Amino acid sequence: MKRIGLVIGLTVVTSGGAAPAAAETIAVFTKSRTSPVSVALRAGASVAAKNLGVQVVQYVPSTADSVEQQAALVEDTVKSKPDAIVFVPVHADALAPAVDKINAAGVPLTNVNERLPRGNVVAYVGTDDYELGLATARYLLKAMGGKGNLVILEGPDNVLSATARARGFKDALKEFPDVKLLASKSANYARPPAAEAAKTFLRSFAQIDGILAANDPMAIGANEALKAANRKALVVGINASKEAVDLIKSGELLGSGDYNAFVQGCLGTEIAVRNLRKQPTPKEVMLKPDVIDKTNYGPFDLPVEQRACPTLESVGASK
């Protein structure tokens with residue numbers, strides 16, 4: 001098995017179970033040690049690796065979303081020539097030079113999560129954030145009975161997933177003329193700013209019927225603010241994280257749009273391995289949006305590392 005180098009100060013984790021000595025080595029790059037999306041994606045890659053009998057090495061910047069650190073990890077990794085790379089860019093445009101280096105080294109690259117603007121890739125696996133935002137907003141607005149007062153917690157203005165979800169939210173609102181949008185504010189995809197923003201909303205508006213959050217940490221922050229103020233509102237988030245699922249079970253959150261990060265990790269790794277083994281692979285897999293609630297949370301009521309990977313065939317990926 002080929003060895004993969006370590007850049008000092010960055011996190012590198014080997015996973016995938018007891019692969020045989022001749023097993024393929026897949027280098028997996030994610031954005032953050034702690035974000036639910038990155039954690040779930042790495043878990044999916046590791047579960048798929050165990051199923052497929054390959055070795056996965058996880059490359060994670062020690063500083064979340066650091067372009068410089070991820071670029072350094074790429075430079076170190078290509079020197080050791082892993083068999084394949086599954087790549088989630090911290091920033092798609094800024095990491096384009098790193099992709100050029102991967103291509104120049106001849107290492108097959110499968111792009112997952114955030115789409116790269118250029119470069120040679122085996123395939124792209126992702127979720128349409130606009131469609132996910134649209135489906136999640138429709139779910140909440142229908143649960144509100146198509147009427148009432150709504151506030152929105154958006155993600156960072158400079159993050160593509162956040163702007164796409166915000167467009168989906170706003171387009172869904174056009175379908176429900178009896179729902180009044182009271183306010184919309186960015187809480188930077190983070191729990192404490194969301195709790196503060198929600199507290200401000202609750203002080204400003206006597207009646208809030210729904211809170212639409214662009215990710216689970218913000219939904220959880222909004223729920224904390226509601227409990228502190230002894231107020232009630234329907235709250236939904238996005239990511240379908242285990243923490244959100246626990247609150248869905250208890251009735252504190254209504255639901256969460258499934259961003260499919262675990263499945264992205266599973267399928268990105270499966271595609272990378274199939275390509276190495278000269279098996280057919282799709283050029284693109286776009287996962288369908290869904291909302292997780294009390295009726296369907298069962299498969300999500302497990303830590304991500306204990307979940308089962310779907311196959312390309314089971315998600316309807318064309319070859």
# chains A, B, ... in the order shown; residues from 1 in each chain; ligands from 1
>>> residues_around(residues="region 108-123 of chain A", least_positions_apart="2", cutoff="6 Å", atoms="only C-alpha atoms", output="PyMOL selection string")
chain A and resi 84-88+92+125-126+283-284
>>> residues_around(residues="Ser256 (chain A)", least_positions_apart="4", cutoff="6 Å", atoms="only C-alpha atoms", output="list in words")
Val236, Gly237, Ile238, Ala240, Val291 and Ile292 of chain A
>>> write_last_selection(atoms="C-alpha atoms", output="PDB file, in the first residue's frame")
ATOM      1  CA  VAL A 236     -36.753  23.499  10.524  1.00  0.00           C
ATOM      2  CA  GLY A 237     -33.079  23.301   9.607  1.00  0.00           C
ATOM      3  CA  ILE A 238     -30.922  21.629   6.967  1.00  0.00           C
ATOM      4  CA  ALA A 240     -30.361  16.084   9.061  1.00  0.00           C
ATOM      5  CA  VAL A 291     -36.950  16.463   4.588  1.00  0.00           C
ATOM      6  CA  ILE A 292     -36.431  14.322   7.676  1.00  0.00           C
TER       7      ILE A 292
END
>>> select_by_dssp(residues="region 66-293 of chain A", states="strand (DSSP E)", output="PyMOL selection string")
chain A and resi 84-87+109-112+124-127+148-154+179-186+210-213+234-238+255-257+284-287+291-292
>>> residues_around(residues="Ala228 (chain A)", least_positions_apart="5", cutoff="10 Å", atoms="only C-alpha atoms", output="ChimeraX atom specification")
/A:195,199,222-223
>>> closest_residue(among="A:Thr127, A:Asn188, A:Asn230, A:Gln264", to="Pro217 (chain A)", atoms="only C-alpha atoms")
A:Asn188
>>> residues_around(residues="Gln306 (chain A)", least_positions_apart="6", cutoff="12 Å", atoms="only C-alpha atoms", output="CSV table (one decimal) with N, CA and C atoms, in the first residue's frame")
chain,number,residue,atom,x,y,z
A,40,ALA,N,-19.9,14.0,8.6
A,40,ALA,CA,-20.8,13.0,8.0
A,40,ALA,C,-20.1,12.5,6.7
A,43,ALA,N,-17.4,10.1,7.4
A,43,ALA,CA,-17.9,8.8,7.9
A,43,ALA,C,-18.4,8.0,6.7
A,44,GLY,N,-19.1,8.6,5.8
A,44,GLY,CA,-19.6,7.9,4.6
A,44,GLY,C,-18.4,7.3,3.8
A,46,SER,N,-15.5,6.4,5.0
A,46,SER,CA,-14.9,5.3,5.7
A,46,SER,C,-15.8,4.1,5.7
A,47,VAL,N,-17.1,4.2,5.7
A,47,VAL,CA,-18.0,3.1,5.6
A,47,VAL,C,-17.9,2.4,4.3
A,48,ALA,N,-17.9,3.3,3.2
A,48,ALA,CA,-17.7,2.7,1.9
A,48,ALA,C,-16.4,2.0,1.7
A,50,LYS,N,-14.6,0.5,3.9
A,50,LYS,CA,-14.7,-0.8,4.6
A,50,LYS,C,-15.4,-1.8,3.7
A,242,LYS,N,-27.4,14.2,13.5
A,242,LYS,CA,-27.9,13.4,14.6
A,242,LYS,C,-28.5,14.3,15.7
A,262,PHE,N,-23.4,12.3,4.3
A,262,PHE,CA,-22.9,10.9,4.5
A,262,PHE,C,-23.0,10.2,3.2
A,299,PRO,N,-33.6,5.8,9.8
A,299,PRO,CA,-32.2,5.6,9.4
A,299,PRO,C,-31.2,6.7,9.8
A,300,PHE,N,-31.7,7.8,10.3
A,300,PHE,CA,-30.8,8.9,10.7
A,300,PHE,C,-30.6,8.9,12.3
>>> select_by_dssp(residues="region 179-291 of chain A", states="helix (DSSP H, G or I)", output="number ranges by chain")
A: 191-204, 216-229, 242-250, 261-276
>>> write_last_selection(atoms="C-alpha atoms", output="PDB file, in the first residue's frame")
ATOM      1  CA  ARG A 191     -25.378  28.233  16.613  1.00  0.00           C
ATOM      2  CA  PRO A 192     -24.517  31.202  18.914  1.00  0.00           C
ATOM      3  CA  PRO A 193     -25.177  33.908  16.288  1.00  0.00           C
ATOM      4  CA  ALA A 194     -28.440  32.171  15.407  1.00  0.00           C
ATOM      5  CA  ALA A 195     -29.531  32.145  19.042  1.00  0.00           C
ATOM      6  CA  GLU A 196     -28.777  35.879  19.286  1.00  0.00           C
ATOM      7  CA  ALA A 197     -30.573  36.647  16.035  1.00  0.00           C
ATOM      8  CA  ALA A 198     -33.592  34.633  17.152  1.00  0.00           C
ATOM      9  CA  LYS A 199     -33.660  36.488  20.484  1.00  0.00           C
ATOM     10  CA  THR A 200     -33.772  39.755  18.565  1.00  0.00           C
ATOM     11  CA  PHE A 201     -36.617  38.466  16.384  1.00  0.00           C
ATOM     12  CA  LEU A 202     -38.560  37.351  19.453  1.00  0.00           C
ATOM     13  CA  ARG A 203     -38.167  40.760  21.097  1.00  0.00           C
ATOM     14  CA  SER A 204     -39.222  42.518  17.889  1.00  0.00           C
ATOM     15  CA  ASP A 216     -29.074  22.605  11.726  1.00  0.00           C
ATOM     16  CA  PRO A 217     -26.764  24.547  14.076  1.00  0.00           C
ATOM     17  CA  MET A 218     -28.803  27.686  13.363  1.00  0.00           C
ATOM     18  CA  ALA A 219     -32.078  25.798  13.863  1.00  0.00           C
ATOM     19  CA  ILE A 220     -30.783  24.502  17.190  1.00  0.00           C
ATOM     20  CA  GLY A 221     -29.727  28.023  18.216  1.00  0.00           C
ATOM     21  CA  ALA A 222     -33.210  29.311  17.342  1.00  0.00           C
ATOM     22  CA  ASN A 223     -34.779  26.530  19.385  1.00  0.00           C
ATOM     23  CA  GLU A 224     -32.662  27.531  22.393  1.00  0.00           C
ATOM     24  CA  ALA A 225     -33.884  31.128  22.044  1.00  0.00           C
ATOM     25  CA  LEU A 226     -37.506  29.980  21.870  1.00  0.00           C
ATOM     26  CA  LYS A 227     -37.146  27.907  25.031  1.00  0.00           C
ATOM     27  CA  ALA A 228     -35.449  30.760  26.880  1.00  0.00           C
ATOM     28  CA  ALA A 229     -38.294  33.103  25.927  1.00  0.00           C
ATOM     29  CA  LYS A 242     -27.899  13.434  14.597  1.00  0.00           C
ATOM     30  CA  GLU A 243     -28.324  16.353  17.015  1.00  0.00           C
ATOM     31  CA  ALA A 244     -31.190  17.697  14.924  1.00  0.00           C
ATOM     32  CA  VAL A 245     -32.759  14.242  14.680  1.00  0.00           C
ATOM     33  CA  ASP A 246     -32.716  13.945  18.479  1.00  0.00           C
ATOM     34  CA  LEU A 247     -34.644  17.225  18.681  1.00  0.00           C
ATOM     35  CA  ILE A 248     -37.049  16.070  15.971  1.00  0.00           C
ATOM     36  CA  LYS A 249     -37.743  12.957  18.056  1.00  0.00           C
ATOM     37  CA  SER A 250     -38.470  15.091  21.125  1.00  0.00           C
ATOM     38  CA  ALA A 261     -23.352  14.537   3.253  1.00  0.00           C
ATOM     39  CA  PHE A 262     -22.949  10.948   4.477  1.00  0.00           C
ATOM     40  CA  VAL A 263     -24.260   9.622   1.172  1.00  0.00           C
ATOM     41  CA  GLN A 264     -21.991  11.993  -0.752  1.00  0.00           C
ATOM     42  CA  GLY A 265     -19.006  10.472   1.050  1.00  0.00           C
ATOM     43  CA  CYS A 266     -20.251   6.956   0.347  1.00  0.00           C
ATOM     44  CA  LEU A 267     -20.875   7.466  -3.354  1.00  0.00           C
ATOM     45  CA  GLY A 268     -17.802   9.609  -3.988  1.00  0.00           C
ATOM     46  CA  THR A 269     -15.635   6.823  -2.583  1.00  0.00           C
ATOM     47  CA  GLU A 270     -17.523   4.115  -4.471  1.00  0.00           C
ATOM     48  CA  ILE A 271     -17.083   6.013  -7.749  1.00  0.00           C
ATOM     49  CA  ALA A 272     -13.361   6.519  -7.083  1.00  0.00           C
ATOM     50  CA  VAL A 273     -12.900   2.793  -6.464  1.00  0.00           C
ATOM     51  CA  ARG A 274     -15.030   1.713  -9.415  1.00  0.00           C
ATOM     52  CA  ASN A 275     -13.008   3.955 -11.685  1.00  0.00           C
ATOM     53  CA  LEU A 276      -9.763   2.387 -10.463  1.00  0.00           C
TER      54      LEU A 276
END
>>> closest_residue(among="A:Asp93, A:Asp128, A:Asp83, A:Asp209", to="Gly106 (chain A)", atoms="only C-alpha atoms")
A:Asp83
